[in-house]
Amino acid sequence: MNPPFPDSIPSERILMVDDEPNMLSLFRKVLGKEGYEVVTVSSAEEALKKLEKDWFDLLITDLKMPGTGGLELLKKVKGISSTLPCIVLTAYGTIDSAVAAMKEGAYDYLAKPINNDEIMLTVKKALDLHRLTREVEHLREKVGIETASSDIIGRSKPMQALFRLIRLVANSNTTILIYGESGTGKELVARSIHQQSPRRDRPFVTIDCGALPETLLESELFGHVRGSFTGAIGNKKGLFEEAHGGTLLLDEIGDTTPAFQSKLLRVLQENEIRPVGSNKTIKVDVRVIAATNKDLKKSVEKKTFREDLYYRLAVVPIVIPTLRQRKEDIPLLADHFIKKYCGRNRLEPRRIAPKAMRLLIDSPWPGNVRELENVIERAVLISPDSEINAEVLFLQPVTEESSDPLPQAARMATEMVEKEKIAEATQRAKGNRSEAAKILGISRATLYNKLKRYHLSE
């Protein structure tokens, strides 16, 4: 358990452990000049006592010390404060010990003799990483965030409700139908259900049903025997067999044909498949999760989706909120993606400027979390500074009229929101423009002008 998190910290605190007084003096001098508060002790035992009573942002420890060594200290520290970054000191020629320490969770190592610049650079990187981690952890403790998995992030009410539903259905074998716009994370939700289920140690298999023609889709799912069609030069095991004992995600199930839907229904009813070209059936034990970005109830009404299959799949329907419905999650998501892509590309930590974050929150995000992730990844890679501004986020060029890109980005975000609202109102009014104008609270003439401006009148 970590020590209590203080409400405010005047300066970042570093605990230094070394049995050499000269080394302690060096670090106190170098780090103290930079404004850090440096607490020094000469043994691992003293360090553990300090860590149990007080909060530190970084631990620096020598590996070779009398009594308890640095490696053993590192193992014990992780039980006290799991997020505390550690830098280990090692003599030149004993780098293997430092590598062993990093396997135990050390952030980095410094080889003696150490120069001042190397000390400052390594300490700064470790503290930058810890600062980002601490901000998110503090937020989690403050609002009591529940999560379904490390890949699904959210503290908003819609996401908290989603996490609770995932936990409720995970232990059953019930078929599930996941609804969500493109980019909301349907596969992540399906994978989270699998990971929390008794089937977690068995395969999790996915297929995009909308990407394959009907005959190929049948072959992929049910398998085929040699000679069943041109090109079938051998027997092939289908994905239902590959997923035996586990979970099969049928993504974009709404794009399948009625003929395929009939065959899938039979599989769900009988728990058996028949490979293409075979006259024998194979029993399978698979939990099926289907996902779609379409309104399948409307597809049933239009006779493009079988009603009996719909009710077979939608025993438990799960609706993933759009990013527009959970805007309070955007800062948390942005922080997660920044750390992800800074780490992947070995870049120093970055942060989003406050005004740029406001624009992120105000944008409509038609592509949902996937679009946000793409924007953050690009910004991390192209930002020349550690603080990411609006111009980098929205790729808005600086004009001669103004060196400030914020108005341009704001106009873009406003127009996207306006177009979305007009489209929603027109749909609700079933094409009646007078009614749509009333819903929007504007005059009919204003609506006509906006429809023309945004090319929505065709």
# chains A, B, ... in the order shown; residues from 1 in each chain; ligands from 1

$ select_by_dssp --residues "segment 240-326 of chain A" --states "strand (DSSP E)" --output "PyMOL selection string"
chain A and resi 247-251+272-273+282-283+287-292+316-319

$ write_last_selection --atoms "N, CA and C atoms" --output "mmCIF file, in the first residue's frame"
data_model
loop_
_atom_site.group_PDB
_atom_site.id
_atom_site.type_symbol
_atom_site.label_atom_id
_atom_site.label_comp_id
_atom_site.auth_asym_id
_atom_site.auth_seq_id
_atom_site.Cartn_x
_atom_site.Cartn_y
_atom_site.Cartn_z
ATOM 1 N N THR A 247 -13.641 -17.660 -26.862
ATOM 2 C CA THR A 247 -14.621 -16.655 -27.290
ATOM 3 C C THR A 247 -14.374 -16.280 -28.742
ATOM 4 N N LEU A 248 -15.472 -16.119 -29.498
ATOM 5 C CA LEU A 248 -15.384 -15.709 -30.896
ATOM 6 C C LEU A 248 -16.152 -14.403 -31.066
ATOM 7 N N LEU A 249 -15.455 -13.368 -31.537
ATOM 8 C CA LEU A 249 -16.090 -12.085 -31.807
ATOM 9 C C LEU A 249 -16.431 -11.986 -33.288
ATOM 10 N N LEU A 250 -17.719 -11.840 -33.579
ATOM 11 C CA LEU A 250 -18.191 -11.644 -34.951
ATOM 12 C C LEU A 250 -18.430 -10.150 -35.134
ATOM 13 N N ASP A 251 -17.426 -9.445 -35.622
ATOM 14 C CA ASP A 251 -17.518 -7.990 -35.769
ATOM 15 C C ASP A 251 -18.305 -7.644 -37.023
ATOM 16 N N GLU A 272 -22.828 -26.746 -33.067
ATOM 17 C CA GLU A 272 -22.033 -27.581 -33.966
ATOM 18 C C GLU A 272 -21.918 -26.900 -35.317
ATOM 19 N N ILE A 273 -20.824 -27.193 -36.010
ATOM 20 C CA ILE A 273 -20.586 -26.604 -37.333
ATOM 21 C C ILE A 273 -20.433 -27.708 -38.362
ATOM 22 N N ILE A 282 -19.297 -30.996 -36.507
ATOM 23 C CA ILE A 282 -18.284 -30.975 -35.449
ATOM 24 C C ILE A 282 -18.836 -30.170 -34.273
ATOM 25 N N LYS A 283 -18.848 -30.772 -33.093
ATOM 26 C CA LYS A 283 -19.315 -30.085 -31.907
ATOM 27 C C LYS A 283 -18.291 -29.021 -31.477
ATOM 28 N N ARG A 287 -18.115 -19.297 -26.887
ATOM 29 C CA ARG A 287 -18.988 -18.178 -26.530
ATOM 30 C C ARG A 287 -18.934 -17.162 -27.659
ATOM 31 N N VAL A 288 -20.094 -16.791 -28.176
ATOM 32 C CA VAL A 288 -20.163 -15.872 -29.307
ATOM 33 C C VAL A 288 -20.533 -14.471 -28.823
ATOM 34 N N ILE A 289 -19.724 -13.501 -29.236
ATOM 35 C CA ILE A 289 -20.035 -12.092 -29.034
ATOM 36 C C ILE A 289 -20.100 -11.450 -30.411
ATOM 37 N N ALA A 290 -21.208 -10.777 -30.695
ATOM 38 C CA ALA A 290 -21.361 -10.092 -31.981
ATOM 39 C C ALA A 290 -21.268 -8.589 -31.744
ATOM 40 N N ALA A 291 -20.801 -7.873 -32.756
ATOM 41 C CA ALA A 291 -20.673 -6.415 -32.650
ATOM 42 C C ALA A 291 -21.146 -5.771 -33.940
ATOM 43 N N THR A 292 -21.697 -4.568 -33.802
ATOM 44 C CA THR A 292 -22.198 -3.870 -34.988
ATOM 45 C C THR A 292 -22.264 -2.372 -34.725
ATOM 46 N N VAL A 316 -27.993 -10.265 -24.236
ATOM 47 C CA VAL A 316 -27.509 -9.127 -23.434
ATOM 48 C C VAL A 316 -26.959 -8.077 -24.406
ATOM 49 N N PRO A 317 -27.707 -7.016 -24.664
ATOM 50 C CA PRO A 317 -27.175 -5.950 -25.520
ATOM 51 C C PRO A 317 -26.319 -4.982 -24.700
ATOM 52 N N ILE A 318 -25.172 -4.610 -25.247
ATOM 53 C CA ILE A 318 -24.277 -3.647 -24.595
ATOM 54 C C ILE A 318 -24.070 -2.481 -25.553
ATOM 55 N N VAL A 319 -24.387 -1.289 -25.096
ATOM 56 C CA VAL A 319 -24.236 -0.092 -25.926
ATOM 57 C C VAL A 319 -23.031 0.697 -25.420
#

$ select_by_dssp --residues "segment 24-178 of chain A" --states "helix (DSSP H, G or I)" --output "number ranges by chain"
A: 24-33, 44-53, 70-80, 95-103, 116-143, 157-170

$ closest_residue --among "A:Glu181, A:Glu241, A:Glu45, A:Glu37" --to "Glu371 of chain A" --atoms "only C-alpha atoms"
A:Glu181

$ closest_atom_pairs --of "segment 255-349 of chain A" --to "segment 204-216 of chain A" --cutoff "7 Å" --atoms "only C-alpha atoms" --output "tab-separated table"
residue	atom	partner	partner_atom	distance
A:Asp255	CA	A:Gly210	CA	5.0
A:Thr256	CA	A:Gly210	CA	6.4
A:Phe260	CA	A:Glu214	CA	6.6

$ write_last_selection --atoms "C-alpha atoms" --output "PDB file, in the first residue's frame"
ATOM      1  CA  ASP A 255     -23.191  -6.575 -42.832  1.00  0.00           C
ATOM      2  CA  THR A 256     -23.839 -10.299 -43.380  1.00  0.00           C
ATOM      3  CA  PHE A 260     -25.245 -16.681 -43.951  1.00  0.00           C
TER       4      PHE A 260
END

$ residues_around --residues "segment 351-367 of chain A" --least-positions-apart "4" --cutoff "6 Å" --atoms "only C-alpha atoms" --output "list in words"
Gly183, Arg324, Lys327, Glu371, Glu387, Ile388, Asn389, Ala390, Ala413 and Val417 of chain A

$ closest_residue --among "A:Arg226, A:Arg326, A:Arg202, A:His336" --to "Leu162 of chain A" --atoms "only C-alpha atoms"
A:Arg326

$ atom_distance --atom1 "atom CA of Asp108 of chain A" --atom2 "atom CA of Ile376 of chain A"
26.6 Å

$ closest_residue --among "A:Ala243, A:Ile320, A:Ala111, A:Ala161" --to "Ser182 of chain A" --atoms "only C-alpha atoms"
A:Ile320

$ residues_around --residues "Val375 of chain A" --least-positions-apart "4" --cutoff "9 Å" --atoms "only C-alpha atoms" --output "count of residues only"
6

$ decode --residues "segment 201-237 of chain A" --atoms "C-alpha atoms" --output "PDB file, in the first residue's frame"
ATOM      1  CA  ASP A 201      -7.038 -18.968 -20.705  1.00  0.00           C
ATOM      2  CA  ARG A 202      -8.589 -20.169 -23.969  1.00  0.00           C
ATOM      3  CA  PRO A 203      -8.430 -18.417 -27.385  1.00  0.00           C
ATOM      4  CA  PHE A 204     -10.036 -15.077 -28.153  1.00  0.00           C
ATOM      5  CA  VAL A 205     -10.661 -15.036 -31.921  1.00  0.00           C
ATOM      6  CA  THR A 206     -12.032 -12.155 -34.018  1.00  0.00           C
ATOM      7  CA  ILE A 207     -13.308 -11.824 -37.571  1.00  0.00           C
ATOM      8  CA  ASP A 208     -14.651  -8.837 -39.508  1.00  0.00           C
ATOM      9  CA  CYS A 209     -17.768 -10.254 -41.114  1.00  0.00           C
ATOM     10  CA  GLY A 210     -18.261  -7.200 -43.308  1.00  0.00           C
ATOM     11  CA  ALA A 211     -14.858  -7.526 -44.964  1.00  0.00           C
ATOM     12  CA  LEU A 212     -15.471 -10.927 -46.598  1.00  0.00           C
ATOM     13  CA  PRO A 213     -17.914 -12.208 -49.231  1.00  0.00           C
ATOM     14  CA  GLU A 214     -20.398 -14.814 -48.019  1.00  0.00           C
ATOM     15  CA  THR A 215     -18.620 -17.915 -49.372  1.00  0.00           C
ATOM     16  CA  LEU A 216     -15.249 -16.911 -47.981  1.00  0.00           C
ATOM     17  CA  LEU A 217     -16.812 -15.952 -44.641  1.00  0.00           C
ATOM     18  CA  GLU A 218     -18.364 -19.437 -44.326  1.00  0.00           C
ATOM     19  CA  SER A 219     -15.031 -21.064 -45.103  1.00  0.00           C
ATOM     20  CA  GLU A 220     -13.223 -18.883 -42.552  1.00  0.00           C
ATOM     21  CA  LEU A 221     -15.716 -19.596 -39.785  1.00  0.00           C
ATOM     22  CA  PHE A 222     -16.746 -23.187 -40.430  1.00  0.00           C
ATOM     23  CA  GLY A 223     -13.694 -24.490 -42.285  1.00  0.00           C
ATOM     24  CA  HIS A 224     -13.729 -26.537 -45.489  1.00  0.00           C
ATOM     25  CA  VAL A 225     -12.636 -29.907 -46.838  1.00  0.00           C
ATOM     26  CA  ARG A 226     -10.313 -30.574 -49.719  1.00  0.00           C
ATOM     27  CA  GLY A 227     -11.929 -30.117 -53.123  1.00  0.00           C
ATOM     28  CA  SER A 228     -15.012 -28.331 -51.788  1.00  0.00           C
ATOM     29  CA  PHE A 229     -14.352 -25.406 -54.148  1.00  0.00           C
ATOM     30  CA  THR A 230     -11.697 -24.181 -56.567  1.00  0.00           C
ATOM     31  CA  GLY A 231      -8.510 -23.545 -54.633  1.00  0.00           C
ATOM     32  CA  ALA A 232      -9.423 -25.813 -51.694  1.00  0.00           C
ATOM     33  CA  ILE A 233      -6.257 -27.916 -51.939  1.00  0.00           C
ATOM     34  CA  GLY A 234      -6.543 -29.256 -48.401  1.00  0.00           C
ATOM     35  CA  ASN A 235      -8.719 -29.418 -45.320  1.00  0.00           C
ATOM     36  CA  LYS A 236      -8.927 -26.190 -43.326  1.00  0.00           C
ATOM     37  CA  LYS A 237      -9.989 -25.728 -39.714  1.00  0.00           C
TER      38      LYS A 237
END
